[in-house]
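Structure file final35.pdb (PDB, C-alpha atoms, pLDDT in the B column) is printed below.
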MODEL        1
ATOM      1  CA  MET A   1      -0.611  15.116  68.263  1.00 57.00           C
ATOM      2  CA  GLY A   2      -2.376  12.111  69.763  1.00 68.00           C
ATOM      3  CA  ARG A   3      -5.821  10.925  68.771  1.00 72.00           C
ATOM      4  CA  PHE A   4      -7.288  12.127  72.076  1.00 71.00           C
ATOM      5  CA  ASP A   5      -5.856  15.614  71.495  1.00 74.00           C
ATOM      6  CA  GLN A   6      -7.184  15.615  67.929  1.00 73.00           C
ATOM      7  CA  ALA A   7     -10.668  14.621  69.077  1.00 80.00           C
ATOM      8  CA  LYS A   8     -10.606  17.222  71.838  1.00 81.00           C
ATOM      9  CA  MET A   9      -9.529  19.941  69.423  1.00 78.00           C
ATOM     10  CA  LEU A  10     -12.195  18.992  66.869  1.00 80.00           C
ATOM     11  CA  LEU A  11     -14.835  19.203  69.611  1.00 86.00           C
ATOM     12  CA  GLN A  12     -13.567  22.682  70.489  1.00 85.00           C
ATOM     13  CA  VAL A  13     -13.752  23.719  66.825  1.00 82.00           C
ATOM     14  CA  LYS A  14     -17.334  22.407  66.552  1.00 87.00           C
ATOM     15  CA  LYS A  15     -18.235  24.338  69.720  1.00 90.00           C
ATOM     16  CA  LEU A  16     -16.713  27.467  68.175  1.00 89.00           C
ATOM     17  CA  GLN A  17     -18.741  26.921  64.985  1.00 88.00           C
ATOM     18  CA  LYS A  18     -21.938  26.785  67.062  1.00 91.00           C
ATOM     19  CA  GLU A  19     -20.929  30.019  68.798  1.00 91.00           C
ATOM     20  CA  LEU A  20     -20.445  31.660  65.395  1.00 90.00           C
ATOM     21  CA  GLN A  21     -23.882  30.428  64.273  1.00 90.00           C
ATOM     22  CA  LYS A  22     -25.506  32.126  67.275  1.00 92.00           C
ATOM     23  CA  MET A  23     -23.472  35.337  67.058  1.00 94.00           C
ATOM     24  CA  VAL A  24     -25.145  38.330  65.392  1.00 96.00           C
ATOM     25  CA  ILE A  25     -23.068  41.093  63.824  1.00 96.00           C
ATOM     26  CA  THR A  26     -24.759  44.386  62.929  1.00 97.00           C
ATOM     27  CA  ALA A  27     -23.520  46.944  60.404  1.00 97.00           C
ATOM     28  CA  GLU A  28     -25.166  50.272  59.561  1.00 97.00           C
ATOM     29  CA  GLN A  29     -24.919  52.755  56.727  1.00 97.00           C
ATOM     30  CA  GLY A  30     -26.512  56.127  56.019  1.00 96.00           C
ATOM     31  CA  ASP A  31     -26.652  57.132  59.697  1.00 95.00           C
ATOM     32  CA  GLY A  32     -28.823  54.114  60.458  1.00 95.00           C
ATOM     33  CA  ALA A  33     -30.909  54.235  57.281  1.00 96.00           C
ATOM     34  CA  VAL A  34     -29.777  50.680  56.511  1.00 97.00           C
ATOM     35  CA  ARG A  35     -28.962  48.066  59.127  1.00 98.00           C
ATOM     36  CA  VAL A  36     -27.768  44.557  58.253  1.00 98.00           C
ATOM     37  CA  GLU A  37     -27.613  41.685  60.724  1.00 97.00           C
ATOM     38  CA  ILE A  38     -25.619  38.558  59.892  1.00 96.00           C
ATOM     39  CA  THR A  39     -24.439  35.561  61.857  1.00 94.00           C
ATOM     40  CA  GLY A  40     -20.822  34.776  62.620  1.00 91.00           C
ATOM     41  CA  GLU A  41     -21.094  32.319  59.730  1.00 89.00           C
ATOM     42  CA  GLN A  42     -21.942  35.186  57.367  1.00 91.00           C
ATOM     43  CA  LYS A  43     -25.590  34.252  56.868  1.00 93.00           C
ATOM     44  CA  ILE A  44     -27.868  37.253  56.579  1.00 95.00           C
ATOM     45  CA  LYS A  45     -30.481  37.294  59.345  1.00 96.00           C
ATOM     46  CA  LYS A  46     -32.147  40.622  58.616  1.00 97.00           C
ATOM     47  CA  ILE A  47     -31.897  43.782  56.543  1.00 97.00           C
ATOM     48  CA  HIS A  48     -33.713  46.775  57.982  1.00 97.00           C
ATOM     49  CA  ILE A  49     -34.353  49.958  55.986  1.00 97.00           C
ATOM     50  CA  ASP A  50     -35.656  53.023  57.793  1.00 97.00           C
ATOM     51  CA  PRO A  51     -38.154  54.586  55.363  1.00 94.00           C
ATOM     52  CA  ASP A  52     -37.887  57.967  57.105  1.00 95.00           C
ATOM     53  CA  GLN A  53     -34.211  58.212  56.181  1.00 94.00           C
ATOM     54  CA  VAL A  54     -34.469  57.034  52.568  1.00 92.00           C
ATOM     55  CA  ASP A  55     -34.953  59.321  49.584  1.00 92.00           C
ATOM     56  CA  LEU A  56     -36.866  57.255  47.040  1.00 88.00           C
ATOM     57  CA  ASP A  57     -35.751  59.690  44.345  1.00 93.00           C
ATOM     58  CA  ASP A  58     -32.168  58.524  44.994  1.00 93.00           C
ATOM     59  CA  ILE A  59     -32.581  54.755  44.976  1.00 94.00           C
ATOM     60  CA  HIS A  60     -28.927  54.373  43.949  1.00 96.00           C
ATOM     61  CA  GLN A  61     -27.855  55.790  47.322  1.00 96.00           C
ATOM     62  CA  LEU A  62     -30.018  53.197  49.079  1.00 96.00           C
ATOM     63  CA  GLU A  63     -28.459  50.433  46.978  1.00 96.00           C
ATOM     64  CA  ARG A  64     -24.961  51.649  47.911  1.00 97.00           C
ATOM     65  CA  TRP A  65     -25.887  51.732  51.591  1.00 97.00           C
ATOM     66  CA  VAL A  66     -27.212  48.161  51.435  1.00 97.00           C
ATOM     67  CA  GLU A  67     -24.107  46.941  49.569  1.00 97.00           C
ATOM     68  CA  ASP A  68     -21.755  48.732  51.960  1.00 98.00           C
ATOM     69  CA  ALA A  69     -23.603  47.501  55.065  1.00 97.00           C
ATOM     70  CA  VAL A  70     -23.470  43.899  53.805  1.00 97.00           C
ATOM     71  CA  LYS A  71     -19.759  44.231  52.989  1.00 97.00           C
ATOM     72  CA  ASP A  72     -19.037  45.761  56.408  1.00 97.00           C
ATOM     73  CA  ALA A  73     -20.958  43.023  58.215  1.00 97.00           C
ATOM     74  CA  ILE A  74     -19.138  40.290  56.271  1.00 96.00           C
ATOM     75  CA  GLN A  75     -15.745  41.864  56.998  1.00 96.00           C
ATOM     76  CA  GLN A  76     -16.567  42.104  60.711  1.00 95.00           C
ATOM     77  CA  SER A  77     -17.749  38.489  60.709  1.00 94.00           C
ATOM     78  CA  GLN A  78     -14.604  37.281  58.934  1.00 93.00           C
ATOM     79  CA  LYS A  79     -12.397  39.158  61.391  1.00 94.00           C
ATOM     80  CA  ILE A  80     -14.191  37.695  64.416  1.00 92.00           C
ATOM     81  CA  ALA A  81     -14.099  34.151  62.981  1.00 89.00           C
ATOM     82  CA  ALA A  82     -10.389  34.466  62.139  1.00 88.00           C
ATOM     83  CA  GLU A  83      -9.589  35.705  65.639  1.00 89.00           C
ATOM     84  CA  LYS A  84     -11.542  32.865  67.251  1.00 85.00           C
ATOM     85  CA  MET A  85     -10.003  30.225  64.938  1.00 82.00           C
ATOM     86  CA  GLN A  86      -6.416  31.493  65.304  1.00 83.00           C
ATOM     87  CA  PRO A  87      -5.490  29.179  68.212  1.00 77.00           C
ATOM     88  CA  PHE A  88      -6.548  26.141  66.142  1.00 73.00           C
ATOM     89  CA  MET A  89      -4.953  26.989  62.791  1.00 70.00           C
ATOM     90  CA  GLY A  90      -1.590  25.278  63.332  1.00 67.00           C
ATOM     91  CA  ALA A  91      -3.142  22.091  64.628  1.00 63.00           C
ATOM     92  CA  LEU A  92      -5.775  22.004  61.862  1.00 59.00           C
ATOM     93  CA  SER A  93      -3.001  22.346  59.272  1.00 60.00           C
ATOM     94  CA  GLU A  94      -1.293  19.302  60.773  1.00 60.00           C
ATOM     95  CA  LEU A  95      -4.552  17.380  60.340  1.00 55.00           C
ATOM     96  CA  GLY A  96      -4.872  18.559  56.742  1.00 57.00           C
ATOM     97  CA  LEU A  97      -7.915  20.710  57.567  1.00 54.00           C
ATOM     98  CA  GLY A  98      -6.366  24.187  57.566  1.00 52.00           C
TER      99      GLY A  98
ENDMDL
END

Kindly present the structure from the file in structure tokens form.
Amino acid sequence: MGRFDQAKMLLQVKKLQKELQKMVITAEQGDGAVRVEITGEQKIKKIHIDPDQVDLDDIHQLERWVEDAVKDAIQQSQKIAAEKMQPFMGALSELGLG
């Protein structure tokens, strides 16, 4: 791979990283009682809890919903990032970056 091709590919990867930063993935639990929004880089943007759907006498259920929503959002984010990075993986390995 020539230097020009390497530079071009690295620019494409940086562009993809910016896309992932702007992307928002949403995961819900408890029929919408808990909604988590994260970026494509797995940074939490917002956690919303609908007080009308939460039983404060069962705080453990709310904790499980939050944990599960965060896990779901991270898994979705990882899947999207892996799919978008797939075309670059072989070339990045050649550069020692994969």

Apply the PyMOL selection byres ((chain A and resi 20) around 8) to the displayed file and report the matching residues as a ChimeraX atom specification. /A:16-19,21-23,39-41,81

Work out how far apart atom CA of A:Ile80 and atom CA of A:Ile38 are and give it in Å to one decimal.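 It comes out at 12.3 Å.
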
Coordinates of box centre and edge lengths for stretch 20-25 of chain A, 8 Å on every side, axis-aligned, as lines of an AutoDock Vina configuration file:
center_x = -23.0
center_y = 35.8
center_z = 65.5
size_x = 21.1
size_y = 26.7
size_z = 19.5

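Atom CA of A:Ile25 lies 24.1 Å from atom CA of A:Leu11.
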
Tell me, as a PyMOL selection string, which residues lie within 10 Å of stretch 62-79 of chain A, counting only C-alpha atoms; anything in the same chain fewer than 5 positions away does not count. chain A and resi 20+23-44+47-49+53-57+84-85

So how many Å separate atom CA of A:Lys15 and atom CA of A:Lys46, to one decimal?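 Between atom CA of A:Lys15 and atom CA of A:Lys46 the gap is 24.1 Å.
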
Please write a file for stretch 26-89 of chain A, taken from the block I just shared, that holds C-alpha atoms and is laid out as a JSON list (two decimals), in the first residue's frame.
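The resulting file, decode-v5.json, is reproduced below:
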[["chain", "number", "residue", "atom", "x", "y", "z"],
["A", 26, "THR", "CA", -31.16, 4.72, 21.80],
["A", 27, "ALA", "CA", -32.03, 1.67, 23.90],
["A", 28, "GLU", "CA", -35.13, 1.23, 26.06],
["A", 29, "GLN", "CA", -36.14, -1.08, 28.87],
["A", 30, "GLY", "CA", -39.31, -1.55, 30.91],
["A", 31, "ASP", "CA", -41.61, -0.62, 28.01],
["A", 32, "GLY", "CA", -39.98, 2.80, 27.78],
["A", 33, "ALA", "CA", -39.55, 3.36, 31.52],
["A", 34, "VAL", "CA", -35.81, 3.78, 30.93],
["A", 35, "ARG", "CA", -34.27, 5.20, 27.78],
["A", 36, "VAL", "CA", -30.51, 5.51, 27.27],
["A", 37, "GLU", "CA", -28.89, 7.53, 24.50],
["A", 38, "ILE", "CA", -25.22, 7.03, 23.65],
["A", 39, "THR", "CA", -22.98, 8.09, 20.81],
["A", 40, "GLY", "CA", -21.43, 5.74, 18.29],
["A", 41, "GLU", "CA", -18.29, 6.08, 20.41],
["A", 42, "GLN", "CA", -20.16, 4.66, 23.42],
["A", 43, "LYS", "CA", -20.33, 7.91, 25.38],
["A", 44, "ILE", "CA", -23.56, 8.32, 27.30],
["A", 45, "LYS", "CA", -25.48, 11.41, 26.16],
["A", 46, "LYS", "CA", -28.63, 11.01, 28.23],
["A", 47, "ILE", "CA", -30.51, 8.66, 30.53],
["A", 48, "HIS", "CA", -34.24, 9.29, 30.75],
["A", 49, "ILE", "CA", -36.45, 7.68, 33.40],
["A", 50, "ASP", "CA", -40.22, 7.99, 33.07],
["A", 51, "PRO", "CA", -41.46, 8.49, 36.65],
["A", 52, "ASP", "CA", -44.97, 7.34, 35.70],
["A", 53, "GLN", "CA", -43.65, 3.89, 34.81],
["A", 54, "VAL", "CA", -41.35, 3.39, 37.80],
["A", 55, "ASP", "CA", -42.36, 1.72, 41.05],
["A", 56, "LEU", "CA", -40.22, 3.35, 43.72],
["A", 57, "ASP", "CA", -40.96, 0.40, 46.00],
["A", 58, "ASP", "CA", -39.04, -1.79, 43.52],
["A", 59, "ILE", "CA", -35.89, 0.25, 42.98],
["A", 60, "HIS", "CA", -34.00, -2.93, 42.07],
["A", 61, "GLN", "CA", -36.16, -3.29, 38.94],
["A", 62, "LEU", "CA", -35.27, 0.27, 37.94],
["A", 63, "GLU", "CA", -31.57, -0.48, 38.46],
["A", 64, "ARG", "CA", -31.86, -3.59, 36.25],
["A", 65, "TRP", "CA", -33.62, -1.59, 33.54],
["A", 66, "VAL", "CA", -30.88, 1.06, 33.58],
["A", 67, "GLU", "CA", -28.12, -1.58, 33.48],
["A", 68, "ASP", "CA", -29.83, -3.50, 30.68],
["A", 69, "ALA", "CA", -30.52, -0.35, 28.63],
["A", 70, "VAL", "CA", -26.87, 0.74, 28.94],
["A", 71, "LYS", "CA", -25.66, -2.74, 27.96],
["A", 72, "ASP", "CA", -28.05, -2.85, 24.98],
["A", 73, "ALA", "CA", -26.97, 0.59, 23.79],
["A", 74, "ILE", "CA", -23.28, -0.33, 24.06],
["A", 75, "GLN", "CA", -23.83, -3.59, 22.15],
["A", 76, "GLN", "CA", -25.71, -1.74, 19.39],
["A", 77, "SER", "CA", -22.95, 0.87, 19.23],
["A", 78, "GLN", "CA", -20.22, -1.78, 19.03],
["A", 79, "LYS", "CA", -22.07, -3.59, 16.25],
["A", 80, "ILE", "CA", -22.52, -0.41, 14.21],
["A", 81, "ALA", "CA", -18.87, 0.63, 14.69],
["A", 82, "ALA", "CA", -17.63, -2.86, 13.73],
["A", 83, "GLU", "CA", -19.77, -2.87, 10.59],
["A", 84, "LYS", "CA", -18.54, 0.58, 9.56],
["A", 85, "MET", "CA", -14.88, -0.28, 10.30],
["A", 86, "GLN", "CA", -14.97, -3.68, 8.55],
["A", 87, "PRO", "CA", -13.76, -2.39, 5.15],
["A", 88, "PHE", "CA", -10.68, -0.85, 6.82],
["A", 89, "MET", "CA", -9.64, -3.71, 9.12]]
